[in-house]
$ cat target.pdb   # PDB, C-alpha atoms
ATOM      1  CA  MET A   1       0.000   0.000   0.000  1.00  0.00           C
ATOM      2  CA  GLU A   2       1.064   3.563  -0.562  1.00  0.00           C
ATOM      3  CA  GLY A   3       2.643   5.298   2.407  1.00  0.00           C
ATOM      4  CA  LYS A   4       0.800   8.598   1.909  1.00  0.00           C
ATOM      5  CA  LYS A   5      -2.604   7.366   3.091  1.00  0.00           C
ATOM      6  CA  ALA A   6      -4.308   8.498   6.287  1.00  0.00           C
ATOM      7  CA  VAL A   7      -3.924   6.514   9.506  1.00  0.00           C
ATOM      8  CA  GLY A   8      -6.250   3.569   9.996  1.00  0.00           C
ATOM      9  CA  ILE A   9      -9.233   3.321  12.293  1.00  0.00           C
ATOM     10  CA  ASP A  10      -6.827   2.264  15.054  1.00  0.00           C
ATOM     11  CA  GLY A  11      -4.882   5.534  14.649  1.00  0.00           C
ATOM     12  CA  MET A  12      -1.704   3.688  13.676  1.00  0.00           C
ATOM     13  CA  THR A  13       0.435   4.678  10.699  1.00  0.00           C
ATOM     14  CA  LYS A  14       1.837   2.173   8.222  1.00  0.00           C
ATOM     15  CA  ALA A  15       5.345   2.666   9.654  1.00  0.00           C
ATOM     16  CA  GLU A  16       4.168   2.089  13.239  1.00  0.00           C
ATOM     17  CA  TYR A  17       2.232  -1.030  12.262  1.00  0.00           C
ATOM     18  CA  SER A  18       5.136  -2.490  10.290  1.00  0.00           C
ATOM     19  CA  THR A  19       7.474  -2.352  13.299  1.00  0.00           C
ATOM     20  CA  HIS A  20       5.406  -5.094  14.992  1.00  0.00           C
ATOM     21  CA  LEU A  21       3.917  -6.745  11.899  1.00  0.00           C
ATOM     22  CA  GLU A  22       4.771 -10.361  12.798  1.00  0.00           C
ATOM     23  CA  GLU A  23       3.387  -9.899  16.320  1.00  0.00           C
ATOM     24  CA  TYR A  24       0.135  -8.388  15.009  1.00  0.00           C
ATOM     25  CA  LEU A  25      -0.303 -11.145  12.421  1.00  0.00           C
ATOM     26  CA  GLU A  26       0.247 -13.878  15.013  1.00  0.00           C
ATOM     27  CA  MET A  27      -2.245 -12.195  17.349  1.00  0.00           C
ATOM     28  CA  LEU A  28      -4.800 -11.939  14.540  1.00  0.00           C
ATOM     29  CA  GLU A  29      -4.285 -15.586  13.612  1.00  0.00           C
ATOM     30  CA  ARG A  30      -4.862 -16.666  17.250  1.00  0.00           C
ATOM     31  CA  ARG A  31      -8.031 -14.558  17.466  1.00  0.00           C
ATOM     32  CA  ILE A  32      -9.389 -16.029  14.219  1.00  0.00           C
ATOM     33  CA  LYS A  33      -8.614 -19.603  15.301  1.00  0.00           C
ATOM     34  CA  ASN A  34     -10.300 -19.242  18.705  1.00  0.00           C
ATOM     35  CA  LYS A  35     -13.204 -17.361  17.087  1.00  0.00           C
ATOM     36  CA  SER A  36     -12.793 -14.212  19.179  1.00  0.00           C
ATOM     37  CA  TYR A  37     -12.086 -11.933  16.177  1.00  0.00           C
ATOM     38  CA  LYS A  38     -14.958  -9.509  15.566  1.00  0.00           C
ATOM     39  CA  PRO A  39     -14.350  -7.279  12.526  1.00  0.00           C
ATOM     40  CA  LYS A  40     -15.766  -3.781  12.681  1.00  0.00           C
ATOM     41  CA  PRO A  41     -18.696  -3.167  10.312  1.00  0.00           C
ATOM     42  CA  ALA A  42     -17.959  -1.370   7.062  1.00  0.00           C
ATOM     43  CA  ARG A  43     -19.092   2.220   6.749  1.00  0.00           C
ATOM     44  CA  LYS A  44     -21.602   2.596   3.914  1.00  0.00           C
ATOM     45  CA  VAL A  45     -21.809   5.840   1.967  1.00  0.00           C
ATOM     46  CA  ASP A  46     -24.502   6.813  -0.523  1.00  0.00           C
ATOM     47  CA  ILE A  47     -23.016   8.260  -3.699  1.00  0.00           C
ATOM     48  CA  SER A  48     -25.333  10.390  -5.826  1.00  0.00           C
ATOM     49  CA  LYS A  49     -25.127   9.998  -9.583  1.00  0.00           C
ATOM     50  CA  GLU A  50     -25.977  12.581 -12.243  1.00  0.00           C
ATOM     51  CA  ASP A  51     -29.115  10.699 -13.347  1.00  0.00           C
ATOM     52  CA  GLY A  52     -30.616  11.026  -9.851  1.00  0.00           C
ATOM     53  CA  GLN A  53     -30.002   7.442  -8.881  1.00  0.00           C
ATOM     54  CA  GLY A  54     -27.448   6.473  -6.314  1.00  0.00           C
ATOM     55  CA  ARG A  55     -25.237   3.659  -5.245  1.00  0.00           C
ATOM     56  CA  GLN A  56     -23.716   2.537  -1.990  1.00  0.00           C
ATOM     57  CA  ASP A  57     -19.995   2.338  -1.499  1.00  0.00           C
ATOM     58  CA  CYS A  58     -18.203   0.707   1.431  1.00  0.00           C
TER      59      CYS A  58
END
$ encode --input "target.pdb" --output "structure tokens"
Amino acid sequence: MEGKKAVGIDGMTKAEYSTHLEEYLEMLERRIKNKSYKPKPARKVDISKEDGQGRQDC
């Protein structure tokens, strides 16, 4: 991913996250395996189109 993006929902930059990447991946794997991982819901946004219709984007 590009490095010029905004921080994530956790407030952590790409550089900060990468310093502990292996640790975070192992923690995520454990949480998935023991079924305690609960992803946050996606934010839906309505996008208006010129013809008056719309579409949802996540």
$ atom_distance --input "target.pdb" --atom1 "atom CA of A:Lys40" --atom2 "atom CA of A:Ile9"
9.7 Å
$ axis_aligned_box --input "target.pdb" --around "stretch 15-29 of chain A" --padding-each-side "5 Å" --output "AutoDock Vina command-line options"
--center_x 1.3 --center_y -6.5 --center_z 13.5 --size_x 22.3 --size_y 28.3 --size_z 17.7
$ atom_distance --input "target.pdb" --atom1 "atom CA of A:Tyr24" --atom2 "atom CA of A:Ala6"
19.5 Å
$ residues_around --input "target.pdb" --residues "A:Tyr37" --least-positions-apart "5" --cutoff "10 Å" --atoms "all atoms listed in the file" --output "list in words"
Met27, Leu28, Glu29, Arg30, Arg31 and Ile32 of chain A
$ atom_distance --input "target.pdb" --atom1 "atom CA of A:Ala15" --atom2 "atom CA of A:Lys38"
24.4 Å
$ decode --input "target.pdb" --residues "stretch 16-32 of chain A" --atoms "N, CA, C and O atoms" --output "mmCIF file, in the first residue's frame"
data_model
loop_
_atom_site.group_PDB
_atom_site.id
_atom_site.type_symbol
_atom_site.label_atom_id
_atom_site.label_comp_id
_atom_site.auth_asym_id
_atom_site.auth_seq_id
_atom_site.Cartn_x
_atom_site.Cartn_y
_atom_site.Cartn_z
ATOM 1 N N GLU A 16 4.332 2.597 11.880
ATOM 2 C CA GLU A 16 4.168 2.089 13.239
ATOM 3 C C GLU A 16 3.711 0.627 13.220
ATOM 4 O O GLU A 16 4.211 -0.199 13.977
ATOM 5 N N TYR A 17 2.770 0.331 12.349
ATOM 6 C CA TYR A 17 2.232 -1.030 12.262
ATOM 7 C C TYR A 17 3.302 -2.007 11.797
ATOM 8 O O TYR A 17 3.409 -3.120 12.307
ATOM 9 N N SER A 18 4.133 -1.582 10.856
ATOM 10 C CA SER A 18 5.136 -2.490 10.290
ATOM 11 C C SER A 18 6.230 -2.855 11.291
ATOM 12 O O SER A 18 6.867 -3.893 11.137
ATOM 13 N N THR A 19 6.439 -2.036 12.321
ATOM 14 C CA THR A 19 7.474 -2.352 13.299
ATOM 15 C C THR A 19 7.132 -3.598 14.113
ATOM 16 O O THR A 19 8.024 -4.256 14.632
ATOM 17 N N HIS A 20 5.852 -3.922 14.230
ATOM 18 C CA HIS A 20 5.406 -5.094 14.992
ATOM 19 C C HIS A 20 4.537 -6.011 14.130
ATOM 20 O O HIS A 20 3.656 -6.694 14.646
ATOM 21 N N LEU A 21 4.781 -6.028 12.836
ATOM 22 C CA LEU A 21 3.917 -6.745 11.899
ATOM 23 C C LEU A 21 3.763 -8.219 12.258
ATOM 24 O O LEU A 21 2.641 -8.728 12.326
ATOM 25 N N GLU A 22 4.849 -8.929 12.488
ATOM 26 C CA GLU A 22 4.771 -10.361 12.798
ATOM 27 C C GLU A 22 3.948 -10.606 14.060
ATOM 28 O O GLU A 22 3.118 -11.517 14.097
ATOM 29 N N GLU A 23 4.145 -9.776 15.073
ATOM 30 C CA GLU A 23 3.387 -9.899 16.320
ATOM 31 C C GLU A 23 1.893 -9.695 16.072
ATOM 32 O O GLU A 23 1.060 -10.457 16.568
ATOM 33 N N TYR A 24 1.546 -8.671 15.299
ATOM 34 C CA TYR A 24 0.135 -8.388 15.009
ATOM 35 C C TYR A 24 -0.509 -9.506 14.197
ATOM 36 O O TYR A 24 -1.650 -9.888 14.442
ATOM 37 N N LEU A 25 0.240 -10.056 13.231
ATOM 38 C CA LEU A 25 -0.303 -11.145 12.421
ATOM 39 C C LEU A 25 -0.516 -12.404 13.251
ATOM 40 O O LEU A 25 -1.533 -13.091 13.097
ATOM 41 N N GLU A 26 0.412 -12.717 14.140
ATOM 42 C CA GLU A 26 0.247 -13.878 15.013
ATOM 43 C C GLU A 26 -0.948 -13.698 15.947
ATOM 44 O O GLU A 26 -1.720 -14.631 16.175
ATOM 45 N N MET A 27 -1.113 -12.482 16.476
ATOM 46 C CA MET A 27 -2.245 -12.195 17.349
ATOM 47 C C MET A 27 -3.569 -12.334 16.581
ATOM 48 O O MET A 27 -4.527 -12.923 17.081
ATOM 49 N N LEU A 28 -3.599 -11.829 15.357
ATOM 50 C CA LEU A 28 -4.800 -11.939 14.540
ATOM 51 C C LEU A 28 -5.112 -13.395 14.232
ATOM 52 O O LEU A 28 -6.263 -13.827 14.323
ATOM 53 N N GLU A 29 -4.087 -14.164 13.895
ATOM 54 C CA GLU A 29 -4.285 -15.586 13.612
ATOM 55 C C GLU A 29 -4.862 -16.311 14.825
ATOM 56 O O GLU A 29 -5.800 -17.104 14.695
ATOM 57 N N ARG A 30 -4.336 -16.043 16.021
ATOM 58 C CA ARG A 30 -4.862 -16.666 17.250
ATOM 59 C C ARG A 30 -6.326 -16.295 17.462
ATOM 60 O O ARG A 30 -7.152 -17.143 17.818
ATOM 61 N N ARG A 31 -6.646 -15.017 17.259
ATOM 62 C CA ARG A 31 -8.031 -14.558 17.466
ATOM 63 C C ARG A 31 -8.989 -15.198 16.470
ATOM 64 O O ARG A 31 -10.119 -15.544 16.817
ATOM 65 N N ILE A 32 -8.543 -15.381 15.225
ATOM 66 C CA ILE A 32 -9.389 -16.029 14.219
ATOM 67 C C ILE A 32 -9.592 -17.498 14.584
ATOM 68 O O ILE A 32 -10.718 -18.012 14.528
#
